[in-house]
$ cat protein-v2.cif   # mmCIF, C-alpha atoms
data_input
loop_
_atom_site.label_atom_id
_atom_site.label_comp_id
_atom_site.auth_asym_id
_atom_site.auth_seq_id
_atom_site.Cartn_x
_atom_site.Cartn_y
_atom_site.Cartn_z
CA MET A 1 0.00 0.00 0.00
CA ASN A 2 1.32 3.42 -0.97
CA ALA A 3 0.78 5.82 1.94
CA THR A 4 0.82 8.86 -0.35
CA ALA A 5 -1.65 7.43 -2.86
CA LEU A 6 -4.83 9.37 -3.39
CA ASN A 7 -7.97 7.80 -1.93
CA TYR A 8 -10.81 8.99 -4.09
CA ILE A 9 -14.27 8.73 -5.61
CA ARG A 10 -14.38 9.16 -9.38
CA PHE A 11 -17.50 9.51 -11.50
CA TRP A 12 -17.31 7.47 -14.74
CA GLY A 13 -20.99 7.62 -15.63
CA VAL A 14 -23.66 9.96 -14.26
CA ARG A 15 -26.68 9.69 -16.57
CA GLY A 16 -29.92 7.92 -15.89
CA SER A 17 -31.94 5.75 -18.25
CA TYR A 18 -29.70 5.62 -21.36
CA PRO A 19 -26.38 6.98 -22.61
CA ALA A 20 -26.49 10.57 -23.87
CA PRO A 21 -23.29 11.14 -25.87
CA PHE A 22 -24.49 14.43 -27.31
CA GLY A 23 -22.38 17.54 -27.84
CA SER A 24 -24.83 19.52 -25.70
CA HIS A 25 -24.37 17.09 -22.77
CA LEU A 26 -20.63 16.63 -22.54
CA ARG A 27 -19.80 19.05 -19.70
CA VAL A 28 -21.85 16.79 -17.43
CA GLY A 29 -21.21 13.59 -19.38
CA GLY A 30 -23.17 11.01 -21.34
CA ASN A 31 -22.32 7.61 -19.80
CA THR A 32 -24.74 5.81 -17.52
CA SER A 33 -24.16 5.00 -13.84
CA CYS A 34 -20.69 4.00 -12.72
CA ILE A 35 -18.57 5.25 -9.84
CA GLU A 36 -15.11 4.13 -8.77
CA LEU A 37 -13.96 4.29 -5.16
CA ARG A 38 -10.25 3.73 -4.77
CA VAL A 39 -8.97 3.39 -1.20
CA ASP A 40 -5.72 1.77 -0.07
CA ASP A 41 -5.30 0.28 -3.56
CA HIS A 42 -8.69 -1.45 -3.35
CA VAL A 43 -11.15 -0.71 -6.14
CA LEU A 44 -14.87 -0.68 -5.39
CA VAL A 45 -17.16 0.02 -8.34
CA CYS A 46 -20.76 1.14 -7.89
CA ASP A 47 -22.86 -0.03 -10.85
CA GLY A 48 -21.87 -1.22 -14.30
CA GLY A 49 -23.54 1.24 -16.67
CA SER A 50 -21.74 2.38 -19.80
CA GLY A 51 -19.30 4.34 -17.60
CA ILE A 52 -17.67 1.07 -16.54
CA ILE A 53 -16.29 0.63 -20.07
CA PRO A 54 -13.75 3.49 -19.88
CA LEU A 55 -13.08 2.52 -16.24
CA GLY A 56 -12.18 -1.01 -17.39
CA ASN A 57 -9.90 0.34 -20.09
CA TYR A 58 -8.21 2.57 -17.52
CA LEU A 59 -7.73 -0.30 -15.04
CA MET A 60 -6.04 -2.34 -17.77
CA THR A 61 -3.28 0.29 -17.93
CA LEU A 62 -2.41 -0.21 -14.24
CA LYS A 63 0.22 -2.69 -13.13
CA ASP A 64 -0.60 -3.09 -9.45
CA ILE A 65 -4.33 -3.73 -9.52
CA LYS A 66 -5.77 -7.08 -10.58
CA GLU A 67 -8.86 -7.29 -8.41
CA LEU A 68 -12.00 -5.24 -7.86
CA THR A 69 -15.51 -5.51 -6.46
CA ILE A 70 -18.60 -4.33 -8.30
CA ILE A 71 -21.75 -3.58 -6.30
CA LEU A 72 -24.94 -3.21 -8.31
CA THR A 73 -28.02 -1.29 -7.23
CA HIS A 74 -30.25 -3.30 -9.60
CA TYR A 75 -30.31 -4.82 -13.06
CA HIS A 76 -31.89 -2.21 -15.29
CA TRP A 77 -29.85 -1.67 -18.43
CA ASP A 78 -28.40 1.70 -17.46
CA HIS A 79 -26.71 -0.07 -14.53
CA ILE A 80 -25.37 -3.19 -16.23
CA SER A 81 -25.03 -2.38 -19.94
CA GLY A 82 -21.28 -1.72 -19.66
CA LEU A 83 -20.49 -5.14 -18.16
CA PRO A 84 -20.34 -6.98 -21.53
CA PHE A 85 -17.57 -4.54 -22.56
CA PHE A 86 -15.72 -4.47 -19.24
CA VAL A 87 -12.29 -5.70 -20.33
CA PRO A 88 -10.86 -6.91 -16.96
CA ALA A 89 -13.65 -9.53 -16.75
CA PHE A 90 -12.35 -11.15 -19.94
CA VAL A 91 -8.69 -11.28 -18.90
CA PRO A 92 -7.15 -14.24 -17.02
CA GLY A 93 -5.35 -13.17 -13.88
CA TRP A 94 -8.00 -10.65 -12.85
CA LYS A 95 -10.42 -11.29 -10.02
CA VAL A 96 -13.84 -9.63 -10.25
CA ASN A 97 -16.28 -9.85 -7.32
CA ILE A 98 -19.88 -8.95 -8.07
CA TYR A 99 -22.79 -8.27 -5.74
CA GLY A 100 -26.36 -7.08 -6.27
CA PRO A 101 -29.97 -7.81 -5.29
CA GLY A 102 -30.80 -11.53 -5.23
CA ASN A 103 -31.44 -14.33 -2.77
CA SER A 104 -28.35 -16.32 -3.82
CA GLN A 105 -25.12 -16.16 -5.80
CA GLN A 106 -26.83 -18.17 -8.56
CA GLU A 107 -29.66 -15.64 -8.77
CA ILE A 108 -27.21 -12.73 -9.09
CA GLU A 109 -25.26 -14.60 -11.76
CA ARG A 110 -28.43 -15.44 -13.68
CA ARG A 111 -29.56 -11.81 -13.68
CA ILE A 112 -26.22 -10.54 -14.94
CA SER A 113 -25.68 -13.23 -17.53
CA GLY A 114 -29.18 -12.73 -18.95
CA GLN A 115 -28.04 -9.76 -21.01
CA MET A 116 -25.14 -11.69 -22.58
CA VAL A 117 -27.03 -14.27 -24.60
CA ASP A 118 -27.78 -14.87 -28.26
CA PRO A 119 -29.21 -12.99 -30.15
CA TYR A 120 -28.58 -9.91 -27.96
CA PHE A 121 -24.83 -10.33 -27.55
CA PRO A 122 -22.27 -12.45 -29.43
CA VAL A 123 -20.54 -13.99 -26.40
CA GLU A 124 -21.81 -15.29 -23.08
CA VAL A 125 -20.44 -14.85 -19.56
CA GLU A 126 -18.52 -18.10 -20.05
CA THR A 127 -16.05 -15.97 -22.03
CA TRP A 128 -15.27 -13.99 -18.88
CA LEU A 129 -11.90 -15.59 -18.21
CA ALA A 130 -11.21 -13.60 -15.06
CA ASP A 131 -11.85 -15.25 -11.72
CA ILE A 132 -15.49 -14.14 -11.23
CA HIS A 133 -17.01 -14.35 -7.76
CA TYR A 134 -20.64 -13.62 -7.00
CA LEU A 135 -20.91 -12.43 -3.42
CA THR A 136 -23.51 -12.84 -0.71
CA ALA A 137 -24.21 -10.38 2.06
CA ASP A 138 -24.43 -11.24 5.73
CA ASN A 139 -27.53 -9.58 7.11
CA SER A 140 -27.33 -6.84 4.43
CA GLN A 141 -23.66 -6.19 5.20
CA LEU A 142 -20.54 -6.96 3.24
CA GLU A 143 -16.91 -5.99 3.38
CA TYR A 144 -14.20 -5.58 0.82
CA GLY A 145 -10.75 -4.45 1.94
CA PRO A 146 -11.22 -1.15 3.78
CA PHE A 147 -14.85 -0.82 2.64
CA LYS A 148 -17.74 -1.76 4.93
CA MET A 149 -21.04 -1.69 3.10
CA GLU A 150 -24.64 -1.96 4.14
CA THR A 151 -27.53 -2.22 1.70
CA PHE A 152 -30.95 -0.65 2.09
CA ASN A 153 -34.01 -1.12 -0.10
CA VAL A 154 -35.23 1.90 -2.04
CA HIS A 155 -38.28 3.01 -4.04
CA HIS A 156 -37.64 1.90 -7.59
CA PRO A 157 -39.23 -0.80 -9.76
CA GLY A 158 -37.94 -4.26 -8.79
CA SER A 159 -35.60 -5.07 -5.92
CA THR A 160 -33.21 -2.11 -5.79
CA PHE A 161 -30.50 -1.28 -3.29
CA GLY A 162 -28.92 1.84 -1.96
CA TYR A 163 -25.50 1.41 -0.34
CA ARG A 164 -24.14 3.02 2.81
CA ILE A 165 -20.38 2.66 2.51
CA LYS A 166 -17.99 3.32 5.37
CA VAL A 167 -14.34 3.67 4.56
CA HIS A 168 -11.64 4.97 6.89
CA ASP A 169 -13.75 7.34 8.99
CA LYS A 170 -15.95 8.57 6.13
CA THR A 171 -19.47 7.66 5.08
CA ILE A 172 -20.48 7.63 1.44
CA VAL A 173 -24.06 6.85 0.47
CA TYR A 174 -24.91 5.82 -3.06
CA ALA A 175 -28.58 5.63 -4.08
CA SER A 176 -28.70 6.07 -7.83
CA ASP A 177 -32.40 5.31 -8.35
CA ASN A 178 -34.86 6.22 -5.62
CA GLU A 179 -38.25 7.89 -5.75
CA LEU A 180 -38.65 10.03 -2.64
CA LYS A 181 -41.90 11.27 -1.14
CA PHE A 182 -43.90 8.46 -2.70
CA ILE A 183 -45.78 7.43 0.45
CA GLU A 184 -46.48 11.08 1.34
CA LYS A 185 -48.20 11.65 -1.98
CA ALA A 186 -50.16 8.39 -1.74
CA ILE A 187 -51.42 9.39 1.73
CA ALA A 188 -52.28 12.92 0.60
CA ASP A 189 -54.34 11.46 -2.25
CA ARG A 190 -56.52 9.57 0.25
CA SER A 191 -56.51 11.89 3.26
CA ASP A 192 -60.14 13.02 2.69
CA GLU A 193 -61.39 9.43 2.96
CA LEU A 194 -59.66 8.53 6.22
CA ASP A 195 -61.34 8.74 9.59
CA PRO A 196 -59.41 10.46 12.44
CA ARG A 197 -58.11 7.21 13.99
CA GLU A 198 -56.92 5.94 10.61
CA LEU A 199 -55.35 9.28 9.76
CA GLN A 200 -53.50 9.35 13.08
CA LEU A 201 -52.08 5.85 12.56
CA ILE A 202 -51.21 6.47 8.92
CA LYS A 203 -49.45 9.76 9.77
CA ALA A 204 -47.49 7.88 12.44
CA MET A 205 -46.59 5.22 9.86
CA GLN A 206 -45.47 7.96 7.46
CA ALA A 207 -43.25 9.51 10.15
CA GLU A 208 -41.79 6.09 10.93
CA GLU A 209 -40.99 5.45 7.24
CA TRP A 210 -39.42 8.91 6.92
CA ASP A 211 -37.23 8.37 9.99
CA LYS A 212 -36.04 5.05 8.58
CA SER A 213 -35.18 6.53 5.21
CA ILE A 214 -33.32 9.38 6.91
CA ASP A 215 -31.36 6.87 9.02
CA SER A 216 -29.97 5.28 5.85
CA ILE A 217 -28.22 8.48 4.81
CA LYS A 218 -27.83 10.38 8.07
CA ASN A 219 -24.63 12.42 8.44
CA ALA A 220 -23.15 11.10 5.20
CA HIS A 221 -20.01 12.92 4.10
CA VAL A 222 -20.94 12.26 0.48
CA PHE A 223 -24.45 11.51 -0.72
CA ILE A 224 -24.83 10.53 -4.36
CA HIS A 225 -28.54 10.43 -5.18
CA ASP A 226 -31.09 10.31 -7.96
CA ALA A 227 -31.94 13.86 -9.12
CA GLN A 228 -33.51 12.93 -12.42
CA TYR A 229 -36.38 15.38 -12.82
CA THR A 230 -37.53 18.96 -12.55
CA PRO A 231 -40.80 19.39 -10.58
CA GLU A 232 -42.66 19.82 -13.89
CA ASP A 233 -41.30 16.57 -15.34
CA TYR A 234 -41.77 14.71 -12.05
CA ALA A 235 -45.45 15.67 -12.09
CA LYS A 236 -45.70 13.83 -15.43
CA LYS A 237 -43.47 10.93 -14.41
CA ARG A 238 -44.49 10.22 -10.86
CA GLY A 239 -44.31 6.47 -10.33
CA TRP A 240 -41.35 5.98 -12.69
CA GLY A 241 -39.03 5.37 -9.75
CA HIS A 242 -37.00 8.60 -9.80
CA SER A 243 -36.84 11.78 -7.78
CA CYS A 244 -37.29 15.46 -8.37
CA TYR A 245 -34.02 17.24 -7.53
CA ILE A 246 -35.80 19.47 -5.00
CA ASP A 247 -37.01 16.45 -3.00
CA THR A 248 -33.47 15.07 -3.16
CA ALA A 249 -31.96 18.31 -1.81
CA ASN A 250 -34.51 18.60 1.01
CA PHE A 251 -34.03 14.94 1.93
CA ALA A 252 -30.25 15.41 2.08
CA MET A 253 -30.52 18.55 4.23
CA ASP A 254 -32.96 16.83 6.61
CA ALA A 255 -30.39 14.05 7.04
CA ASN A 256 -27.50 16.42 7.75
CA VAL A 257 -25.56 15.35 4.65
CA LYS A 258 -22.28 17.22 4.16
CA GLN A 259 -21.99 17.04 0.36
CA LEU A 260 -24.79 16.19 -2.06
CA TYR A 261 -24.04 15.08 -5.65
CA LEU A 262 -26.94 15.41 -8.10
CA PHE A 263 -26.77 12.11 -9.97
CA HIS A 264 -28.61 9.95 -12.50
CA VAL A 265 -29.69 13.08 -14.32
CA ASP A 266 -32.20 12.82 -17.15
CA PRO A 267 -30.61 12.11 -20.55
CA ASN A 268 -32.96 14.69 -22.10
CA TYR A 269 -31.43 17.48 -20.03
CA ASN A 270 -28.48 19.27 -21.62
CA ASP A 271 -25.62 20.88 -19.70
CA THR A 272 -27.33 24.26 -19.48
CA LYS A 273 -30.45 22.76 -17.98
CA ILE A 274 -28.54 20.71 -15.41
CA GLU A 275 -26.53 23.78 -14.42
CA GLU A 276 -29.84 25.61 -13.92
CA LEU A 277 -31.03 22.79 -11.64
CA HIS A 278 -27.80 23.08 -9.71
CA ARG A 279 -28.19 26.86 -9.27
CA SER A 280 -31.76 26.33 -8.12
CA THR A 281 -30.59 23.74 -5.58
CA VAL A 282 -27.87 26.04 -4.24
CA LYS A 283 -30.51 28.76 -3.81
CA LEU A 284 -32.76 26.34 -1.93
CA ILE A 285 -29.88 25.36 0.36
CA HIS A 286 -29.17 29.05 1.01
CA GLU A 287 -32.84 29.73 1.80
CA ARG A 288 -32.89 26.87 4.29
CA GLN A 289 -29.67 28.26 5.81
CA SER A 290 -28.06 24.84 5.47
CA GLN A 291 -24.31 24.28 5.42
CA MET A 292 -24.62 21.43 2.93
CA GLU A 293 -22.57 21.64 -0.25
CA CYS A 294 -24.19 20.63 -3.53
CA HIS A 295 -22.44 19.59 -6.73
CA ILE A 296 -23.36 18.23 -10.11
CA ALA A 297 -21.97 14.71 -10.48
CA ARG A 298 -19.92 15.24 -13.63
CA GLU A 299 -18.14 12.52 -15.55
CA GLY A 300 -14.44 12.63 -14.62
CA LEU A 301 -15.00 14.48 -11.34
CA ILE A 302 -12.72 13.23 -8.54
CA ILE A 303 -13.37 13.65 -4.80
CA ASP A 304 -10.45 13.26 -2.38
CA ILE A 305 -11.90 11.03 0.34
CA ASP A 306 -9.28 11.97 2.92
CA LYS A 307 -10.20 15.66 2.63
CA LEU A 308 -13.89 15.15 3.34
CA MET B 1 -43.07 -8.99 17.25
CA GLY B 2 -44.55 -12.31 16.45
CA GLU B 3 -46.49 -12.28 19.74
CA ASN B 4 -50.15 -13.11 19.96
CA VAL B 5 -52.49 -15.58 21.52
CA MET B 6 -52.91 -18.51 19.17
CA THR B 7 -56.27 -20.19 19.22
CA ASP B 8 -56.76 -23.43 17.36
CA LYS B 9 -59.38 -23.61 14.63
CA MET B 10 -59.39 -19.85 14.01
CA PRO B 11 -57.68 -18.74 10.80
CA THR B 12 -54.25 -17.15 11.15
CA ILE B 13 -53.40 -13.82 9.56
CA VAL B 14 -49.70 -12.95 9.34
CA VAL B 15 -48.29 -9.51 8.52
CA VAL B 16 -44.66 -8.80 7.66
CA ASP B 17 -44.04 -5.05 7.65
CA ASP B 18 -41.11 -3.10 9.06
CA SER B 19 -43.43 -0.41 10.44
CA ALA B 20 -44.73 -1.18 13.93
CA THR B 21 -47.51 1.35 13.33
CA SER B 22 -48.48 -0.39 10.14
CA ILE B 23 -48.71 -3.72 11.99
CA SER B 24 -50.93 -2.01 14.58
CA LEU B 25 -53.16 -0.79 11.76
CA TYR B 26 -53.68 -4.37 10.59
CA GLN B 27 -54.22 -5.52 14.15
CA PHE B 28 -56.91 -2.90 14.80
CA SER B 29 -58.54 -3.83 11.48
CA VAL B 30 -58.88 -7.52 12.26
CA GLU B 31 -59.58 -7.03 15.96
CA PRO B 32 -63.35 -7.62 15.53
CA LEU B 33 -62.69 -10.84 13.63
CA ALA B 34 -62.21 -14.32 15.03
CA VAL B 35 -58.63 -14.72 13.79
CA ASN B 36 -55.19 -15.30 15.19
CA PHE B 37 -52.96 -12.36 14.32
CA VAL B 38 -49.17 -12.52 14.10
CA GLY B 39 -46.94 -9.60 13.05
CA PHE B 40 -43.24 -9.56 12.13
CA LYS B 41 -41.04 -6.54 11.47
CA SER B 42 -38.68 -8.14 8.97
CA SER B 43 -38.27 -11.07 6.63
CA ALA B 44 -35.54 -12.44 8.89
CA GLU B 45 -37.93 -12.46 11.86
CA ALA B 46 -40.73 -14.03 9.84
CA LEU B 47 -38.80 -16.80 8.09
CA PRO B 48 -38.38 -19.23 11.03
CA TYR B 49 -42.12 -18.95 11.79
CA LEU B 50 -43.12 -19.39 8.15
CA GLN B 51 -40.92 -22.43 7.78
CA GLU B 52 -43.08 -24.10 10.41
CA HIS B 53 -46.50 -22.52 9.92
CA ARG B 54 -48.72 -21.90 6.93
CA PRO B 55 -50.92 -18.84 7.57
CA ASP B 56 -54.38 -18.61 6.06
CA LEU B 57 -53.49 -15.18 4.72
CA LEU B 58 -50.15 -13.40 4.54
CA PHE B 59 -49.77 -9.63 4.09
CA LEU B 60 -46.31 -8.59 2.88
CA ASP B 61 -44.76 -5.15 2.67
CA ILE B 62 -42.03 -4.79 0.03
CA ILE B 63 -39.55 -2.20 1.25
CA MET B 64 -38.09 -3.52 4.47
CA PRO B 65 -34.58 -3.74 5.90
CA GLY B 66 -32.72 -6.83 4.70
CA MET B 67 -34.69 -9.14 2.45
CA ASP B 68 -37.48 -7.21 0.73
CA GLY B 69 -41.03 -8.53 0.48
CA LEU B 70 -40.78 -9.81 -3.08
CA SER B 71 -37.54 -11.64 -2.31
CA LEU B 72 -39.22 -13.09 0.78
CA LEU B 73 -42.15 -14.27 -1.31
CA ARG B 74 -39.79 -15.84 -3.87
CA HIS B 75 -38.01 -17.62 -1.03
CA LEU B 76 -41.27 -18.76 0.60
CA ARG B 77 -42.51 -20.35 -2.59
CA SER B 78 -39.59 -22.77 -2.33
CA PHE B 79 -41.00 -24.07 0.98
CA ALA B 80 -43.29 -27.07 0.60
CA ASN B 81 -45.81 -25.56 3.05
CA GLN B 82 -45.99 -22.13 1.38
CA LYS B 83 -46.43 -22.96 -2.28
CA ASP B 84 -50.07 -21.85 -2.35
CA THR B 85 -50.38 -19.57 0.69
CA PRO B 86 -52.59 -16.61 -0.27
CA VAL B 87 -50.32 -13.56 -0.22
CA ILE B 88 -51.33 -9.91 -0.47
CA MET B 89 -48.62 -7.37 -1.19
CA VAL B 90 -49.31 -4.01 0.49
CA THR B 91 -46.69 -1.46 -0.35
CA SER B 92 -45.87 2.12 -1.19
CA LYS B 93 -44.13 0.82 -4.36
CA ASP B 94 -46.66 1.41 -7.11
CA TYR B 95 -44.65 0.02 -10.01
CA ASP B 96 -45.73 -2.28 -12.83
CA GLN B 97 -42.52 -4.32 -12.55
CA ASP B 98 -43.26 -5.14 -8.91
CA ARG B 99 -46.89 -5.96 -9.72
CA TYR B 100 -45.71 -8.29 -12.47
CA VAL B 101 -43.17 -10.06 -10.26
CA ALA B 102 -45.73 -10.41 -7.45
CA LYS B 103 -48.24 -11.91 -9.87
CA GLN B 104 -45.63 -14.33 -11.23
CA LEU B 105 -44.98 -15.41 -7.64
CA GLY B 106 -48.66 -16.06 -7.08
CA ALA B 107 -49.65 -13.03 -4.98
CA VAL B 108 -53.43 -12.76 -4.99
CA GLU B 109 -53.56 -8.96 -4.63
CA PHE B 110 -51.17 -6.03 -4.95
CA LEU B 111 -52.31 -2.91 -3.11
CA ILE B 112 -50.87 0.49 -2.42
CA LYS B 113 -50.56 1.95 1.09
CA PRO B 114 -52.37 3.39 2.92
CA LEU B 115 -55.25 0.97 3.43
CA ARG B 116 -58.28 1.71 5.58
CA PHE B 117 -59.42 -0.59 8.40
CA LYS B 118 -62.49 -1.68 6.49
CA GLU B 119 -60.43 -2.38 3.35
CA ILE B 120 -58.18 -4.71 5.30
CA ARG B 121 -61.19 -6.48 6.75
CA GLU B 122 -62.73 -6.82 3.29
CA LEU B 123 -59.51 -8.42 2.05
CA VAL B 124 -59.61 -10.92 4.91
CA PHE B 125 -63.24 -11.77 4.16
CA ARG B 126 -62.43 -12.12 0.46
CA HIS B 127 -59.64 -14.64 0.97
CA VAL B 128 -60.34 -16.39 4.26
CA GLU B 129 -63.38 -18.06 5.75
CA VAL B 130 -63.80 -15.96 8.85
CA LYS B 131 -66.45 -14.76 11.26
CA PHE B 132 -66.84 -11.79 13.56
CA LYS B 133 -66.05 -12.47 17.19
CA GLN B 134 -69.08 -13.26 19.27
CA SER B 135 -69.91 -10.26 21.43
CA ASN B 136 -70.42 -12.41 24.49
#
$ encode --input "protein-v2.cif" --output "structure tokens"
Amino acid sequence: MNATALNYIRFWGVRGSYPAPFGSHLRVGGNTSCIELRVDDHVLVCDGGSGIIPLGNYLMTLKDIKELTIILTHYHWDHISGLPFFVPAFVPGWKVNIYGPGNSQQEIERRISGQMVDPYFPVEVETWLADIHYLTADNSQLEYGPFKMETFNVHHPGSTFGYRIKVHDKTIVYASDNELKFIEKAIADRSDELDPRELQLIKAMQAEEWDKSIDSIKNAHVFIHDAQYTPEDYAKKRGWGHSCYIDTANFAMDANVKQLYLFHVDPNYNDTKIEELHRSTVKLIHERQSQMECHIAREGLIIDIDKL
Amino acid sequence: MGENVMTDKMPTIVVVDDSATSISLYQFSVEPLAVNFVGFKSSAEALPYLQEHRPDLLFLDIIMPGMDGLSLLRHLRSFANQKDTPVIMVTSKDYDQDRYVAKQLGAVEFLIKPLRFKEIRELVFRHVEVKFKQSN
């Protein structure tokens, strides 16, 4: 281990839904979800969207690293579509550990390998010549080198995880796809029908659910979260499993997050629009007199973990 | 959780939901009915019970710490005693993908929170042969 080596988070893919390699989108970036955490020469990769392709090419240029762990939030294409082109998985001598939602290692393997079959892809996972290990969690917890991770279930179609990652003395929370405020809106829609006793219990249930969701991200140094929509677009796309950036910012402030990264941004939004969302979020933070920092998760952006 | 007085011959209603308040809501709803009621706050808590007992009706939340409700249902269907247990998913996750998976796993209903007391009772009457408690 090199004591002077940089321990960092690097964004390799920040888009939601599908790649957006358009000239108007390149300041933010066009690849789908992929983040690299490098600490003490251990590589932890969050999600395998198209951003994992350039990450794989980069890792192949390194001499000292031959192992990594990939943790997946879920199996929608924008989170796994880069895996068939992830070079280290095809190279003997590499070890690739993979974890994601599923009741067993076989279930995780089946879900990943399902996208690499004829006629959708020319080679199957059998051509992955690296030492591939599918991991299991122990009571929602797993460890890899200096990383201690805990999963939590989030609001998104299908079984989907968020990850609370502790490394050194820092906490990084990654929840790429999560629709906030869903239960609140469902309760509001029915509040006129409920009698006082029902309303009291349901409000208590809502508070309980909110406290639990806050606990998952509380006091995070870095919070990387779904900020896919404007309020106008969210009104049209409620129930699609993604959040309005304003809900994301309020959620983060309520949980005393130190740094929020607006992530999984809509592929229809160009750089100018995302920068407008960011300005609007900074204004909201100022109005709430919060100390939280807010950044756009941009492809290529590096965060020095030891300076958090 | 998991506590309740079990009376033979009465149908058993089991709820797995990480919200204690939500479990209370079910309990209040079925209180007038002649049923045994058992609540668990997580899949991990419920699994040992469900390995041994087949409830007459099982309400499952989806978003819970640890194993989520759909994963629990998938796991339960591998138990010989739970292959045809009537299961109702009650969740704040209103997504077609979850509805589809629940249906594939044999869930008889998929409903969105919040439910009213009378709606819960109606569900019990729809899927279980049950009577009101005798007043005396």
$ residues_around --input "protein-v2.cif" --residues "Val154 of chain A" --least-positions-apart "2" --cutoff "10 Å" --atoms "only C-alpha atoms" --output "list in words"
Thr73, Thr151, Phe152, His156, Pro157, Gly158, Ser159, Thr160, Phe161, Gly162, Tyr163, Ala175, Ser176, Asp177, Asn178, Glu179, Leu180, Ser213 and Gly241 of chain A; Ile62, Ile63, Met64, Pro65, Asp68 and Lys93 of chain B
$ residues_around --input "protein-v2.cif" --residues "segment 34-46 of chain B" --least-positions-apart "2" --cutoff "8 Å" --atoms "only C-alpha atoms" --output "NGL selection string"
:B and (1-7 or 10-20 or 23 or 27 or 30-32 or 48-50 or 64-69 or 72 or 130-133)
$ atom_distance --input "protein-v2.cif" --atom1 "atom CA of Ser17 of chain A" --atom2 "atom CA of His242 of chain A"
10.3 Å
$ residues_around --input "protein-v2.cif" --residues "Glu143 of chain A" --least-positions-apart "2" --cutoff "12 Å" --atoms "only C-alpha atoms" --output "VMD selection string"
chain A and resid 42 44 69 to 71 97 99 135 to 141 145 to 151 163 to 167
$ residues_around --input "protein-v2.cif" --residues "segment 273-289 of chain A" --least-positions-apart "4" --cutoff "10 Å" --atoms "only C-alpha atoms" --output "ChimeraX atom specification"
/A:25,27-28,227-230,245-246,248-250,253,261-262,265-266,268-269,293-296
$ closest_atom_pairs --input "protein-v2.cif" --of "chain B" --to "chain A" --cutoff "6 Å" --atoms "only C-alpha atoms" --output "tab-separated table"
residue	atom	partner	partner_atom	distance
B:Thr21	CA	A:Met205	CA	5.3
B:Ser22	CA	A:Met205	CA	5.9
B:Ile63	CA	A:Asn153	CA	5.8
B:Gly66	CA	A:Ser140	CA	5.4
B:Ser92	CA	A:Ile183	CA	5.6
B:Tyr95	CA	A:Pro157	CA	5.5
B:Gln97	CA	A:Pro157	CA	5.6
B:Asp98	CA	A:Gly158	CA	5.4
$ write_last_selection --input "protein-v2.cif" --atoms "C-alpha atoms" --output "PDB file, in the frame of the given file"
ATOM      1  CA  THR B  21     -47.510   1.350  13.330  1.00  0.00           C
ATOM      2  CA  SER B  22     -48.480  -0.390  10.140  1.00  0.00           C
ATOM      3  CA  ILE B  63     -39.550  -2.200   1.250  1.00  0.00           C
ATOM      4  CA  GLY B  66     -32.720  -6.830   4.700  1.00  0.00           C
ATOM      5  CA  SER B  92     -45.870   2.120  -1.190  1.00  0.00           C
ATOM      6  CA  TYR B  95     -44.650   0.020 -10.010  1.00  0.00           C
ATOM      7  CA  GLN B  97     -42.520  -4.320 -12.550  1.00  0.00           C
ATOM      8  CA  ASP B  98     -43.260  -5.140  -8.910  1.00  0.00           C
TER       9      ASP B  98
END
$ residues_around --input "protein-v2.cif" --residues "Asp254 of chain A" --least-positions-apart "2" --cutoff "12 Å" --atoms "only C-alpha atoms" --output "MDAnalysis selection string"
chainID A and resid 210:211 213:220 247:252 256:258 260 285 288:292
$ resolve_selection --input "protein-v2.cif" --expression "the PyMOL selection byres ((chain B and resi 90) around 7)" --output "PyMOL selection string"
chain B and resi 59-61+88-89+91+110-113
$ atom_distance --input "protein-v2.cif" --atom1 "atom CA of Ile52 of chain A" --atom2 "atom CA of Leu83 of chain A"
7.0 Å
$ resolve_selection --input "protein-v2.cif" --expression "the PyMOL selection byres ((chain A and resi 54-68) around 9)" --output "list in words"
Trp12, Cys34, Ile35, Glu36, Asp41, His42, Val43, Leu44, Val45, Ser50, Gly51, Ile52, Ile53, Thr69, Ile70, Phe85, Phe86, Val87, Pro88, Ala89, Gly93, Trp94, Lys95, Val96, Asn97, Ile98 and Tyr144 of chain A
$ residues_near_point --input "protein-v2.cif" --point "(-24.5, 8.6, -15.0)" --cutoff "7 Å" --atoms "all atoms listed in the file" --output "JSON list (two decimals) with C-alpha atoms, in the frame of the given file"
[["chain", "number", "residue", "atom", "x", "y", "z"],
["A", 13, "GLY", "CA", -20.99, 7.62, -15.63],
["A", 14, "VAL", "CA", -23.66, 9.96, -14.26],
["A", 15, "ARG", "CA", -26.68, 9.69, -16.57],
["A", 16, "GLY", "CA", -29.92, 7.92, -15.89],
["A", 30, "GLY", "CA", -23.17, 11.01, -21.34],
["A", 31, "ASN", "CA", -22.32, 7.61, -19.80],
["A", 32, "THR", "CA", -24.74, 5.81, -17.52],
["A", 33, "SER", "CA", -24.16, 5.00, -13.84],
["A", 34, "CYS", "CA", -20.69, 4.00, -12.72],
["A", 263, "PHE", "CA", -26.77, 12.11, -9.97],
["A", 264, "HIS", "CA", -28.61, 9.95, -12.50],
["A", 265, "VAL", "CA", -29.69, 13.08, -14.32]]
$ resolve_selection --input "protein-v2.cif" --expression "the PyMOL selection byres ((chain B and resi 74) around 10)" --output "PyMOL selection string"
(chain A and resi 103) or (chain B and resi 69-73+75-79+83+101-102+104-106)
$ atom_distance --input "protein-v2.cif" --atom1 "atom CA of Glu299 of chain A" --atom2 "atom CA of Glu232 of chain A"
25.6 Å
$ closest_residue --input "protein-v2.cif" --among "B:Arg54, B:Ser29, B:Pro86, B:Tyr100" --to "Arg126 of chain B" --atoms "all atoms listed in the file"
B:Pro86
